[in-house]
>>> print(open('work-v7.cif').read())   # mmCIF, C-alpha atoms
data_final
loop_
_atom_site.label_atom_id
_atom_site.label_comp_id
_atom_site.auth_asym_id
_atom_site.auth_seq_id
_atom_site.Cartn_x
_atom_site.Cartn_y
_atom_site.Cartn_z
CA MET P 3 104.53 27.21 19.66
CA ASN P 4 105.74 27.32 16.08
CA GLN P 5 107.93 29.51 13.95
CA HIS P 6 104.97 31.49 12.58
CA SER P 7 103.80 32.85 15.87
CA LYS P 8 104.76 35.97 17.65
CA ASP P 9 106.61 35.86 20.95
CA LYS P 10 104.24 35.86 23.88
CA ASP P 11 105.47 39.07 25.45
CA THR P 12 105.13 41.27 22.37
CA VAL P 13 101.39 41.71 22.71
CA GLY P 14 99.76 42.11 26.08
CA THR P 15 96.15 42.66 25.09
CA LEU P 16 93.17 41.19 26.88
CA GLY P 17 92.69 38.77 24.00
CA GLU P 18 96.21 37.42 24.40
CA LEU P 19 95.62 37.11 28.12
CA GLU P 20 92.41 35.15 27.58
CA ARG P 21 94.34 32.81 25.32
CA SER P 22 97.04 32.14 27.94
CA VAL P 23 94.39 31.54 30.59
CA MET P 24 92.56 29.07 28.35
CA ASP P 25 95.83 27.32 27.48
CA ALA P 26 96.49 26.83 31.20
CA ILE P 27 92.94 25.62 31.94
CA TRP P 28 92.99 23.22 29.00
CA VAL P 29 96.02 21.36 30.34
CA HIS P 30 94.63 21.12 33.88
CA ASP P 31 91.81 18.61 33.64
CA ASP P 32 90.54 19.05 37.19
CA GLY P 33 90.43 22.81 36.88
CA LEU P 34 92.26 25.67 38.56
CA SER P 35 91.41 28.27 41.12
CA ALA P 36 92.14 31.91 40.32
CA ALA P 37 95.14 31.89 42.69
CA GLU P 38 96.55 28.71 41.12
CA LEU P 39 96.08 30.21 37.70
CA ARG P 40 98.03 33.25 38.80
CA GLU P 41 100.87 30.94 39.88
CA VAL P 42 100.82 29.09 36.54
CA LEU P 43 101.05 32.42 34.72
CA ALA P 44 103.63 33.81 37.17
CA GLU P 45 105.84 35.11 34.37
CA ARG P 46 103.11 37.58 33.44
CA ASP P 47 103.00 38.98 36.96
CA LEU P 48 99.23 39.44 37.03
CA ALA P 49 97.11 40.95 39.78
CA LEU P 50 94.52 38.54 41.17
CA THR P 51 91.73 40.92 40.14
CA THR P 52 92.98 40.76 36.54
CA VAL P 53 92.81 36.97 36.66
CA HIS P 54 89.27 37.22 38.01
CA THR P 55 88.25 39.67 35.30
CA VAL P 56 89.56 37.39 32.56
CA LEU P 57 87.89 34.34 34.10
CA THR P 58 84.56 36.15 34.39
CA ARG P 59 84.77 37.15 30.73
CA LEU P 60 85.58 33.61 29.68
CA GLU P 61 82.72 32.29 31.80
CA LYS P 62 80.29 34.73 30.18
CA LYS P 63 81.44 33.67 26.74
CA GLY P 64 80.85 30.05 27.71
CA PHE P 65 84.42 28.79 27.55
CA VAL P 66 84.83 27.98 31.25
CA THR P 67 82.48 26.92 34.05
CA ARG P 68 82.92 27.66 37.69
CA ASP P 69 82.69 24.90 40.28
CA ARG P 70 81.04 26.69 43.19
CA SER P 71 80.82 23.62 45.46
CA ILE P 72 84.31 24.17 46.82
CA ARG P 73 86.21 27.19 48.06
CA PRO P 74 88.05 28.73 46.42
CA HIS P 75 85.95 28.28 43.26
CA ARG P 76 87.58 26.18 40.58
CA TYR P 77 87.40 26.97 36.88
CA LEU P 78 87.07 24.18 34.33
CA ALA P 79 87.09 24.18 30.56
CA VAL P 80 83.65 23.62 28.96
CA SER P 81 85.13 21.83 25.93
CA THR P 82 88.57 20.56 25.10
CA ARG P 83 90.82 22.54 22.83
CA GLU P 84 90.44 19.83 20.17
CA ASP P 85 86.65 20.08 20.31
CA HIS P 86 86.81 23.82 19.75
CA VAL P 87 89.20 23.38 16.80
CA ALA P 88 86.86 20.75 15.37
CA GLU P 89 83.92 23.13 15.83
CA LEU P 90 85.68 25.84 13.83
CA MET P 91 86.81 23.45 11.11
CA THR P 92 83.29 22.08 10.70
CA GLU P 93 82.10 25.62 10.13
CA VAL P 94 84.89 26.32 7.65
CA LEU P 95 84.45 23.11 5.69
CA SER P 96 80.64 23.05 5.80
CA GLN P 97 78.90 22.93 2.45
CA ALA P 98 75.49 24.09 3.63
CA PRO P 99 74.33 26.95 1.39
CA ASP P 100 73.49 29.31 4.23
CA ARG P 101 76.92 28.71 5.71
CA GLN P 102 78.60 29.90 2.53
CA ALA P 103 77.75 33.48 3.36
CA VAL P 104 79.74 33.33 6.57
CA LEU P 105 83.27 32.49 5.47
CA ALA P 106 85.11 32.49 2.17
CA ARG P 107 87.51 29.59 1.89
CA PHE P 108 90.58 29.51 -0.27
CA LEU P 109 89.13 26.43 -1.98
CA GLY P 110 85.40 26.07 -2.24
CA THR P 111 83.88 22.75 -1.26
CA VAL P 112 81.77 20.33 -3.29
CA SER P 113 80.41 16.95 -2.47
CA GLU P 114 81.15 15.38 -5.87
CA ALA P 115 84.77 15.69 -6.89
CA ASP P 116 85.90 14.75 -10.35
CA THR P 117 89.65 14.66 -9.83
CA LYS P 118 90.51 13.50 -13.32
CA ALA P 119 89.85 16.77 -15.12
CA LEU P 120 92.01 18.76 -12.76
CA ARG P 121 94.82 16.25 -12.85
CA ASN P 122 94.87 16.38 -16.66
CA LEU P 123 94.93 20.14 -16.66
CA LEU P 124 97.54 20.38 -13.92
CA GLY P 125 99.72 17.87 -15.75
CA ARG P 126 99.59 20.11 -18.81
CA ASN P 127 100.23 23.30 -16.84
CA HIS P 128 103.06 21.81 -14.96
CA SER P 129 104.98 20.72 -18.04
CA ALA P 130 104.32 24.12 -19.61
CA ASN P 131 105.74 25.96 -16.60
CA SER P 132 108.83 23.90 -16.03
CA MET I 2 46.72 46.21 -16.04
CA SER I 3 46.55 42.54 -16.80
CA ILE I 4 48.87 43.12 -19.77
CA VAL I 5 51.45 44.54 -17.35
CA GLY I 6 50.88 41.50 -15.16
CA ALA I 7 51.41 39.15 -18.08
CA VAL I 8 54.59 40.92 -19.21
CA LEU I 9 55.92 40.85 -15.65
CA ALA I 10 55.08 37.17 -15.35
CA VAL I 11 57.08 36.46 -18.51
CA LEU I 12 59.98 38.53 -17.18
CA ALA I 13 59.83 36.70 -13.84
CA PHE I 14 59.90 33.38 -15.67
CA LEU I 15 62.85 34.42 -17.84
CA LEU I 16 64.76 35.57 -14.75
CA ALA I 17 63.89 32.42 -12.86
CA TRP I 18 65.29 29.95 -15.31
CA PRO I 19 66.65 30.68 -18.85
CA ILE I 20 68.64 33.80 -17.94
CA PRO I 21 70.35 32.34 -14.82
CA ALA I 22 71.12 29.14 -16.74
CA ALA I 23 72.70 31.12 -19.60
CA LEU I 24 74.57 33.41 -17.23
CA SER I 25 76.09 30.51 -15.30
CA ARG I 26 77.42 28.97 -18.53
CA PHE I 27 78.88 32.23 -19.82
CA ARG I 28 82.61 32.40 -19.12
CA GLY I 29 83.81 35.96 -18.88
CA ASP I 30 84.90 38.81 -16.70
CA PRO I 31 83.91 37.84 -13.11
CA ILE I 32 83.05 41.39 -12.03
CA SER I 33 80.63 41.76 -14.96
CA LYS I 34 79.04 38.46 -14.07
CA VAL I 35 78.67 39.31 -10.40
CA VAL I 36 77.02 42.62 -11.30
CA LEU I 37 74.64 40.83 -13.68
CA TRP I 38 73.83 38.22 -11.04
CA GLN I 39 72.92 40.89 -8.51
CA ALA I 40 70.66 42.51 -11.12
CA VAL I 41 69.05 39.17 -12.02
CA GLY I 42 68.36 38.46 -8.35
CA LEU I 43 66.89 41.88 -7.64
CA SER I 44 64.92 42.12 -10.87
CA GLY I 45 63.62 38.57 -10.50
CA GLY I 46 62.28 39.33 -7.02
CA LEU I 47 60.71 42.60 -8.18
CA SER I 48 59.05 40.92 -11.18
CA LEU I 49 57.59 38.17 -9.01
CA ILE I 50 56.17 40.65 -6.53
CA GLY I 51 55.08 42.93 -9.37
CA THR I 52 53.23 40.12 -11.13
CA ALA I 53 51.21 39.33 -8.04
CA LEU I 54 50.45 43.01 -7.37
CA ALA I 55 49.47 43.70 -10.96
CA PHE I 56 47.01 40.82 -11.05
CA ALA I 57 45.65 41.79 -7.65
CA VAL I 58 44.61 45.28 -8.70
CA ALA I 59 44.06 44.49 -12.38
CA PRO I 60 40.27 44.46 -12.54
CA THR I 61 39.68 47.69 -10.69
CA SER I 62 42.49 50.05 -11.60
CA ARG I 63 44.19 51.44 -14.66
CA SER I 64 47.69 51.40 -13.12
CA LEU I 65 49.42 49.94 -10.12
CA PRO I 66 50.08 53.21 -8.24
CA GLU I 67 46.42 54.09 -8.70
CA GLY I 68 45.37 50.59 -7.56
CA ILE I 69 47.54 50.70 -4.46
CA TRP I 70 46.36 54.19 -3.65
CA ARG I 71 42.75 53.11 -3.88
CA LEU I 72 43.44 50.05 -1.75
CA ALA I 73 45.21 52.17 0.85
CA GLN I 74 42.26 54.56 0.96
CA GLY I 75 39.91 51.67 1.48
CA GLN I 76 37.93 52.48 -1.68
CA SER I 77 38.38 49.28 -3.58
CA HIS I 78 38.42 46.60 -0.92
CA ALA I 79 34.87 45.73 -1.78
CA ASP I 80 35.71 45.58 -5.50
CA LEU I 81 38.58 43.16 -4.97
CA SER I 82 37.61 39.69 -6.18
CA ILE I 83 38.62 36.54 -4.33
CA LEU I 84 41.37 36.07 -6.91
CA GLY I 85 42.49 39.65 -6.34
CA TRP I 86 42.74 39.01 -2.62
CA ILE I 87 44.77 35.85 -3.22
CA PHE I 88 47.23 37.73 -5.42
CA LEU I 89 47.47 40.54 -2.91
CA ILE I 90 48.23 38.09 -0.10
CA ILE I 91 50.85 36.37 -2.28
CA ALA I 92 52.50 39.72 -3.02
CA VAL I 93 52.62 40.77 0.62
CA ALA I 94 53.87 37.33 1.70
CA LEU I 95 56.61 37.41 -0.95
CA ILE I 96 57.79 40.86 0.12
CA GLY I 97 57.82 39.73 3.74
CA ARG I 98 59.60 36.47 3.01
CA LEU I 99 62.33 38.00 0.82
CA LEU I 100 63.07 40.91 3.14
CA GLY I 101 62.79 38.68 6.21
CA CYS I 102 65.28 36.18 4.82
CA LEU I 103 67.65 38.96 3.84
CA ALA I 104 67.65 40.32 7.39
CA LEU I 105 67.88 36.84 8.89
CA THR I 106 70.81 35.83 6.67
CA PHE I 107 72.61 39.05 7.43
CA TYR I 108 72.24 38.77 11.18
CA SER I 109 72.85 35.03 11.45
CA ALA I 110 76.04 35.38 9.36
CA ARG I 111 77.13 38.19 11.61
CA ARG I 112 76.40 36.23 14.78
CA THR I 113 78.18 33.13 13.52
CA ARG I 114 81.22 35.18 12.55
CA LEU I 115 81.41 36.93 15.91
CA ARG I 116 81.29 33.58 17.71
CA HIS I 117 83.81 32.10 15.29
CA ASP I 118 86.05 35.09 15.92
CA GLU I 119 85.83 34.63 19.69
CA ILE I 120 86.82 30.96 19.56
CA LEU I 121 89.44 31.61 16.90
CA HIS I 122 91.20 34.15 19.08
CA LEU I 123 91.56 31.60 21.85
CA LEU I 124 92.92 28.91 19.54
CA SER I 125 95.15 30.74 17.09
CA GLU I 126 98.20 32.91 17.24
CA PRO I 127 98.86 36.09 15.30
CA SER I 128 101.28 35.62 12.44
CA ALA I 129 104.65 37.26 12.99
CA THR I 130 105.11 37.83 9.27
CA TYR I 131 101.71 38.93 7.97
CA PRO I 132 99.42 41.64 9.36
CA ASP I 133 95.86 40.72 10.41
CA THR I 134 96.60 37.07 9.85
CA ARG I 135 96.23 34.27 12.36
CA ILE I 136 97.69 30.78 12.37
CA ILE I 137 95.64 27.90 13.75
CA SER I 138 97.29 24.61 14.67
CA THR I 139 95.42 21.81 12.94
CA ASP I 140 96.18 19.14 10.37
CA GLU I 141 93.22 20.30 8.29
CA ALA I 142 94.58 22.26 5.30
CA VAL I 143 92.52 25.43 5.26
CA ALA I 144 92.83 29.10 4.46
CA TYR I 145 89.86 31.36 4.90
CA CYS I 146 88.91 34.82 5.93
CA LEU I 147 86.63 36.20 8.55
CA PRO I 148 85.16 39.53 7.50
CA GLN I 149 83.51 42.01 9.79
CA GLY I 150 83.78 41.43 13.51
CA PRO I 151 85.34 43.84 15.93
CA ARG I 152 88.55 43.78 13.93
CA LYS I 153 88.93 44.85 10.33
CA GLY I 154 88.88 41.31 9.06
CA THR I 155 91.18 38.39 9.69
CA ALA I 156 92.85 35.98 7.29
CA VAL I 157 93.30 32.51 8.81
CA LEU I 158 95.76 29.84 7.73
CA SER I 159 96.16 26.40 9.25
CA THR I 160 99.52 24.85 10.03
CA GLY I 161 98.39 21.92 7.88
CA LEU I 162 98.26 24.20 4.83
CA LEU I 163 101.40 26.17 5.69
CA GLU I 164 103.38 22.92 5.64
CA VAL I 165 102.68 22.34 1.97
CA LEU I 166 103.20 25.92 0.81
CA SER I 167 106.43 27.75 0.05
CA GLU I 168 107.02 31.22 1.48
CA GLN I 169 105.98 32.83 -1.82
CA GLU I 170 102.84 30.69 -2.06
CA ARG I 171 101.84 31.71 1.47
CA THR I 172 102.13 35.35 0.49
CA ALA I 173 99.98 34.66 -2.57
CA VAL I 174 97.28 32.91 -0.52
CA ILE I 175 97.20 35.78 1.95
CA ALA I 176 96.97 38.33 -0.88
CA HIS I 177 93.94 36.37 -2.15
CA GLU I 178 92.29 36.36 1.28
CA ARG I 179 93.05 40.05 1.79
CA ALA I 180 91.30 40.82 -1.49
CA HIS I 181 88.15 39.12 -0.14
CA LEU I 182 88.39 41.21 3.01
CA ASP I 183 89.32 44.55 1.48
CA PHE I 184 86.58 44.41 -1.14
CA ARG I 185 83.99 42.88 1.17
CA HIS I 186 83.15 40.00 -1.15
CA ASP I 187 80.97 38.53 1.59
CA VAL I 188 78.44 41.31 0.93
CA LEU I 189 78.00 40.01 -2.64
CA VAL I 190 77.14 36.53 -1.36
CA ILE I 191 74.67 37.56 1.37
CA PRO I 192 71.73 38.39 -0.96
CA PHE I 193 72.08 35.08 -2.79
CA ALA I 194 72.30 33.11 0.43
CA ALA I 195 69.12 34.99 1.43
CA TRP I 196 67.25 34.35 -1.85
CA HIS I 197 68.23 30.70 -1.60
CA ARG I 198 66.96 30.53 1.96
CA ALA I 199 63.71 32.25 0.92
CA LEU I 200 63.03 30.16 -2.22
CA PRO I 201 65.07 26.96 -1.90
CA PHE I 202 63.02 25.08 -4.52
CA PHE I 203 63.77 27.71 -7.16
CA SER I 204 66.77 26.33 -9.04
CA ALA I 205 67.80 29.89 -9.96
CA THR I 206 68.62 30.71 -6.36
CA ALA I 207 70.90 27.68 -6.02
CA ILE I 208 72.61 28.39 -9.36
CA GLY I 209 73.03 32.03 -8.39
CA LEU I 210 74.52 31.26 -4.98
CA ASN I 211 76.89 28.71 -6.42
CA SER I 212 77.99 31.01 -9.23
CA VAL I 213 78.54 34.06 -7.05
CA ASN I 214 80.52 31.95 -4.59
CA GLY I 215 82.82 30.86 -7.40
CA LEU I 216 83.04 34.32 -8.95
CA ILE I 217 84.33 35.96 -5.78
CA GLU I 218 87.23 33.46 -5.85
CA LEU I 219 88.09 34.56 -9.40
CA MET I 220 87.76 38.20 -8.36
CA ALA I 221 90.11 37.66 -5.40
CA ASP I 222 92.62 35.95 -7.71
CA ASP I 223 92.43 38.85 -10.18
CA LYS I 224 93.05 41.32 -7.37
CA ALA I 225 95.84 39.24 -5.80
CA ARG I 226 97.79 39.06 -9.06
CA GLU I 227 98.30 42.82 -8.86
CA HIS I 228 100.63 42.07 -5.94
CA VAL I 229 101.88 38.54 -6.52
CA ASP I 230 103.00 36.42 -9.44
CA PRO I 231 99.90 34.67 -10.87
CA SER I 232 101.83 31.45 -11.53
CA ILE I 233 102.78 31.28 -7.83
CA LEU I 234 99.13 31.74 -6.86
CA ALA I 235 98.19 29.00 -9.34
CA GLN I 236 100.77 26.73 -7.71
CA ALA I 237 99.27 27.50 -4.31
CA VAL I 238 95.77 26.60 -5.60
CA HIS I 239 97.25 23.38 -6.99
CA ALA I 240 99.07 22.53 -3.75
CA ALA I 241 95.98 23.22 -1.63
CA ALA I 242 93.73 21.27 -4.03
CA ARG I 243 96.01 18.24 -3.90
CA ILE I 244 95.57 17.82 -0.16
CA SER I 245 91.89 18.82 0.05
CA PRO I 246 89.89 15.87 -1.25
CA GLU I 247 86.51 17.61 -1.13
CA HIS I 248 87.25 20.89 -2.82
CA ARG I 249 85.42 22.34 -5.83
CA GLU I 250 87.31 20.67 -8.61
CA ASP I 251 85.69 22.67 -11.42
CA LEU I 252 86.42 25.92 -9.67
CA SER I 253 90.07 25.13 -8.91
CA THR I 254 90.56 24.12 -12.53
CA GLN I 255 88.96 27.32 -13.75
CA ARG I 256 91.13 29.39 -11.42
CA ILE I 257 94.36 27.73 -12.51
CA GLN I 258 93.38 28.21 -16.17
CA ARG I 259 92.61 31.86 -15.57
CA LEU I 260 95.83 32.43 -13.61
CA SER I 261 97.93 30.84 -16.34
CA ARG I 262 96.73 33.38 -18.91
CA PRO I 263 97.07 37.17 -19.01
CA LEU I 264 93.89 39.05 -18.08
CA ASP I 265 91.58 39.85 -20.98
CA SER I 266 92.33 43.42 -22.07
CA ALA I 267 88.78 43.87 -23.40
CA ARG I 268 87.24 43.46 -19.95
CA ILE I 269 86.52 47.15 -19.32
CA PRO I 270 84.01 47.57 -22.23
CA VAL I 271 82.47 44.22 -21.22
CA ARG I 272 82.09 45.55 -17.69
CA VAL I 273 80.45 48.79 -18.84
CA THR I 274 78.00 46.82 -20.99
CA ALA I 275 77.22 44.52 -18.07
CA ILE I 276 76.55 47.47 -15.78
CA LEU I 277 74.23 49.12 -18.32
CA ALA I 278 72.39 45.83 -18.89
CA SER I 279 72.04 45.42 -15.13
CA ILE I 280 70.55 48.88 -14.73
CA VAL I 281 67.99 48.13 -17.46
CA LEU I 282 67.21 44.79 -15.84
CA VAL I 283 66.62 46.30 -12.41
CA LEU I 284 64.56 49.20 -13.73
CA ALA I 285 62.41 47.11 -16.06
CA PRO I 286 59.92 45.72 -13.52
CA GLY I 287 59.55 49.07 -11.80
CA MET I 288 58.97 50.92 -15.09
CA LEU I 289 56.41 48.34 -16.13
CA LEU I 290 54.51 48.72 -12.89
CA LEU I 291 54.51 52.50 -12.91
CA SER I 292 53.73 52.87 -16.57
CA PRO I 293 50.06 53.72 -17.20
CA LEU I 294 50.64 53.55 -20.98
CA LEU I 295 50.66 49.80 -20.93
CA THR I 296 47.56 49.43 -18.85
CA GLY I 297 45.14 48.62 -21.60
CA PHE I 298 42.19 46.46 -20.72
#
>>> encode(input="work-v7.cif", output="structure tokens")
Amino acid sequence: MNQHSKDKDTVGTLGELERSVMDAIWVHDDGLSAAELREVLAERDLALTTVHTVLTRLEKKGFVTRDRSIRPHRYLAVSTREDHVAELMTEVLSQAPDRQAVLARFLGTVSEADTKALRNLLGRNHSANS
Amino acid sequence: MSIVGAVLAVLAFLLAWPIPAALSRFRGDPISKVVLWQAVGLSGGLSLIGTALAFAVAPTSRSLPEGIWRLAQGQSHADLSILGWIFLIIAVALIGRLLGCLALTFYSARRTRLRHDEILHLLSEPSATYPDTRIISTDEAVAYCLPQGPRKGTAVLSTGLLEVLSEQERTAVIAHERAHLDFRHDVLVIPFAAWHRALPFFSATAIGLNSVNGLIELMADDKAREHVDPSILAQAVHAAARISPEHREDLSTQRIQRLSRPLDSARIPVRVTAILASIVLVLAPGMLLLSPLLTGF
């Protein structure tokens, strides 16, 4: 995906598998059956029971829903990938006091930003360093 | 007993406003300040509860242990005045509220982190270069860490931030996040998030939470500079600040200032003094309550 990520085949944990399954479901808007999913992930050479196990886990965690009206059952994503990213970022960037105990950000967040003071200081530092 | 109550009330007042205000203005060794903050929070809560208890049993007993003992035995219920009952109810409610909020904050933080961790692992990829670090693809420029969870803590960087950082700066940011994780800085914030949840109209709880949140950043910087060049870390703070419009300006400035100077060599004696002061602060309300010497009528 990018130069910072590990090659797909180096780690074969359940977590990695869940991620591949979600990636496949996210790009198929009308959902996938377990057998279709197995085809999409053919390079991993998965047993159908493994695919079912992963799908059941993802369903329990609330990431996929199962359409039981047709056979075989189809699995659909509950939210888009973008929505999930947005959900995480809202949590990270949130300023609510009781949220601050959850995550420590590299830069804290404030509502009122006085950029001038920092710019002055950084201007000074920068000339001192270079 | 009412003298003890009065002294405790004064102590509670001092710990609720003048002392936190002074402490937040004091610029010094972050570890000393964090220790003092924890002591102020704990001692403040104990003094508040102590004040209510002391006034509750004041008319009937010579000391608090005696008063509580008599209450527990059912001897002095009849003697308790209406005012005594009110103070007793306040004390019990305060204890319940503070402990309840502490438990609630702890568990809700834990639950939120576990859920965050679950989603994160579906959206991000492990870094090939850094251990226990994950990269999430988003334009948002963020670096943060996720303590606890089933794993031993994860540092998270966004592709948006990686783009603006050099290789060395990335290493510095990760060293900073690892310091948060290795020293469990989140544990220092939990009580203050809890006190703030319990008593949101008390300005001391907001000041305390805000201060401790800033101090753990300074502590992580201090720790990170043992492994990376402080000027590189300062550059990383600068680079991240430039593309994050809503960051804590004052804090970033303070961090860059601190990183551009050598660490104060006198910080160890300061730390020892702070620890001793904290012990006195925490013991003071308890000693006052237990002491029968001060229970003049």
>>> residues_around(input="work-v7.cif", residues="region 89-95 of chain P", least_positions_apart="5", cutoff="10 Å", atoms="all atoms listed in the file", output="MDAnalysis selection string")
(chainID P and resid 83:84 101:102 104:107 109:112) or (chainID I and resid 113:114 116:118 120:121 124 139 141:146 159 247:248)
>>> closest_residue(input="work-v7.cif", among="I:Asp222, I:Asp133, I:Asp183, I:Glu250", to="chain P", atoms="all atoms listed in the file")
I:Glu250
>>> residues_around(input="work-v7.cif", residues="Ala7 (chain I)", least_positions_apart="2", cutoff="12 Å", atoms="only C-alpha atoms", output="ChimeraX atom specification")
/I:2-5,9-14,48-49,51-56,59,286,289-290,295-297
>>> interface_residues(input="work-v7.cif", of="chain I", to="chain P", cutoff="8 Å", atoms="all atoms listed in the file", output="PDB file with C-alpha atoms, in the frame of the given file")
ATOM      1  CA  THR I 106      70.810  35.830   6.670  1.00  0.00           C
ATOM      2  CA  ALA I 110      76.040  35.380   9.360  1.00  0.00           C
ATOM      3  CA  ARG I 111      77.130  38.190  11.610  1.00  0.00           C
ATOM      4  CA  THR I 113      78.180  33.130  13.520  1.00  0.00           C
ATOM      5  CA  ARG I 114      81.220  35.180  12.550  1.00  0.00           C
ATOM      6  CA  HIS I 117      83.810  32.100  15.290  1.00  0.00           C
ATOM      7  CA  ILE I 120      86.820  30.960  19.560  1.00  0.00           C
ATOM      8  CA  LEU I 121      89.440  31.610  16.900  1.00  0.00           C
ATOM      9  CA  HIS I 122      91.200  34.150  19.080  1.00  0.00           C
ATOM     10  CA  LEU I 123      91.560  31.600  21.850  1.00  0.00           C
ATOM     11  CA  LEU I 124      92.920  28.910  19.540  1.00  0.00           C
ATOM     12  CA  GLU I 126      98.200  32.910  17.240  1.00  0.00           C
ATOM     13  CA  PRO I 127      98.860  36.090  15.300  1.00  0.00           C
ATOM     14  CA  SER I 128     101.280  35.620  12.440  1.00  0.00           C
ATOM     15  CA  ALA I 129     104.650  37.260  12.990  1.00  0.00           C
ATOM     16  CA  THR I 130     105.110  37.830   9.270  1.00  0.00           C
ATOM     17  CA  ILE I 136      97.690  30.780  12.370  1.00  0.00           C
ATOM     18  CA  THR I 139      95.420  21.810  12.940  1.00  0.00           C
ATOM     19  CA  GLU I 141      93.220  20.300   8.290  1.00  0.00           C
ATOM     20  CA  VAL I 143      92.520  25.430   5.260  1.00  0.00           C
ATOM     21  CA  ALA I 144      92.830  29.100   4.460  1.00  0.00           C
ATOM     22  CA  TYR I 145      89.860  31.360   4.900  1.00  0.00           C
ATOM     23  CA  CYS I 146      88.910  34.820   5.930  1.00  0.00           C
ATOM     24  CA  LEU I 147      86.630  36.200   8.550  1.00  0.00           C
ATOM     25  CA  PRO I 148      85.160  39.530   7.500  1.00  0.00           C
ATOM     26  CA  VAL I 174      97.280  32.910  -0.520  1.00  0.00           C
ATOM     27  CA  HIS I 177      93.940  36.370  -2.150  1.00  0.00           C
ATOM     28  CA  GLU I 178      92.290  36.360   1.280  1.00  0.00           C
ATOM     29  CA  HIS I 181      88.150  39.120  -0.140  1.00  0.00           C
ATOM     30  CA  ASP I 187      80.970  38.530   1.590  1.00  0.00           C
ATOM     31  CA  VAL I 190      77.140  36.530  -1.360  1.00  0.00           C
ATOM     32  CA  ILE I 191      74.670  37.560   1.370  1.00  0.00           C
ATOM     33  CA  ALA I 194      72.300  33.110   0.430  1.00  0.00           C
ATOM     34  CA  ALA I 195      69.120  34.990   1.430  1.00  0.00           C
ATOM     35  CA  HIS I 197      68.230  30.700  -1.600  1.00  0.00           C
ATOM     36  CA  ARG I 198      66.960  30.530   1.960  1.00  0.00           C
ATOM     37  CA  LEU I 210      74.520  31.260  -4.980  1.00  0.00           C
ATOM     38  CA  ASN I 214      80.520  31.950  -4.590  1.00  0.00           C
ATOM     39  CA  GLY I 215      82.820  30.860  -7.400  1.00  0.00           C
ATOM     40  CA  GLU I 218      87.230  33.460  -5.850  1.00  0.00           C
ATOM     41  CA  VAL I 238      95.770  26.600  -5.600  1.00  0.00           C
ATOM     42  CA  HIS I 239      97.250  23.380  -6.990  1.00  0.00           C
ATOM     43  CA  ALA I 241      95.980  23.220  -1.630  1.00  0.00           C
ATOM     44  CA  ALA I 242      93.730  21.270  -4.030  1.00  0.00           C
ATOM     45  CA  PRO I 246      89.890  15.870  -1.250  1.00  0.00           C
ATOM     46  CA  GLU I 247      86.510  17.610  -1.130  1.00  0.00           C
ATOM     47  CA  HIS I 248      87.250  20.890  -2.820  1.00  0.00           C
ATOM     48  CA  ARG I 249      85.420  22.340  -5.830  1.00  0.00           C
ATOM     49  CA  GLU I 250      87.310  20.670  -8.610  1.00  0.00           C
ATOM     50  CA  ASP I 251      85.690  22.670 -11.420  1.00  0.00           C
ATOM     51  CA  LEU I 252      86.420  25.920  -9.670  1.00  0.00           C
ATOM     52  CA  SER I 253      90.070  25.130  -8.910  1.00  0.00           C
ATOM     53  CA  THR I 254      90.560  24.120 -12.530  1.00  0.00           C
ATOM     54  CA  SER I 261      97.930  30.840 -16.340  1.00  0.00           C
TER      55      SER I 261
END
>>> atom_distance(input="work-v7.cif", atom1="CA of Met220 (chain I)", atom2="CA of Val188 (chain I)")
13.5 Å
>>> atom_distance(input="work-v7.cif", atom1="CA of Asp30 (chain I)", atom2="CA of Ala17 (chain I)")
22.3 Å
>>> closest_residue(input="work-v7.cif", among="I:Ala237, I:Ala92, I:Leu24, I:Met288", to="Val8 (chain I)", atoms="all atoms listed in the file")
I:Met288
>>> atom_distance(input="work-v7.cif", atom1="CA of Leu43 (chain I)", atom2="CA of Phe193 (chain I)")
9.8 Å
>>> residues_around(input="work-v7.cif", residues="Gly33 (chain P)", least_positions_apart="4", cutoff="9 Å", atoms="all atoms listed in the file", output="JSON, numbers by chain")
{"P": [27, 28, 29, 68, 69, 76, 77, 78, 79]}
>>> decode(input="work-v7.cif", residues="region 99-116 of chain I", atoms="C-alpha atoms", output="tab-separated table (two decimals), in the first residue's frame")
chain	number	residue	atom	x	y	z
I	99	LEU	CA	-15.06	10.47	43.77
I	100	LEU	CA	-14.51	6.72	43.87
I	101	GLY	CA	-17.36	6.12	41.42
I	102	CYS	CA	-15.94	8.58	38.91
I	103	LEU	CA	-12.48	7.07	39.28
I	104	ALA	CA	-13.81	3.60	38.46
I	105	LEU	CA	-16.01	4.94	35.66
I	106	THR	CA	-13.16	6.90	34.05
I	107	PHE	CA	-10.86	3.92	34.28
I	108	TYR	CA	-13.30	1.50	32.70
I	109	SER	CA	-14.65	3.84	30.05
I	110	ALA	CA	-11.09	4.74	28.97
I	111	ARG	CA	-10.29	1.06	28.80
I	112	ARG	CA	-13.40	0.26	26.78
I	113	THR	CA	-12.83	3.12	24.35
I	114	ARG	CA	-9.22	2.04	23.84
I	115	LEU	CA	-10.14	-1.58	23.19
I	116	ARG	CA	-12.69	-0.51	20.58
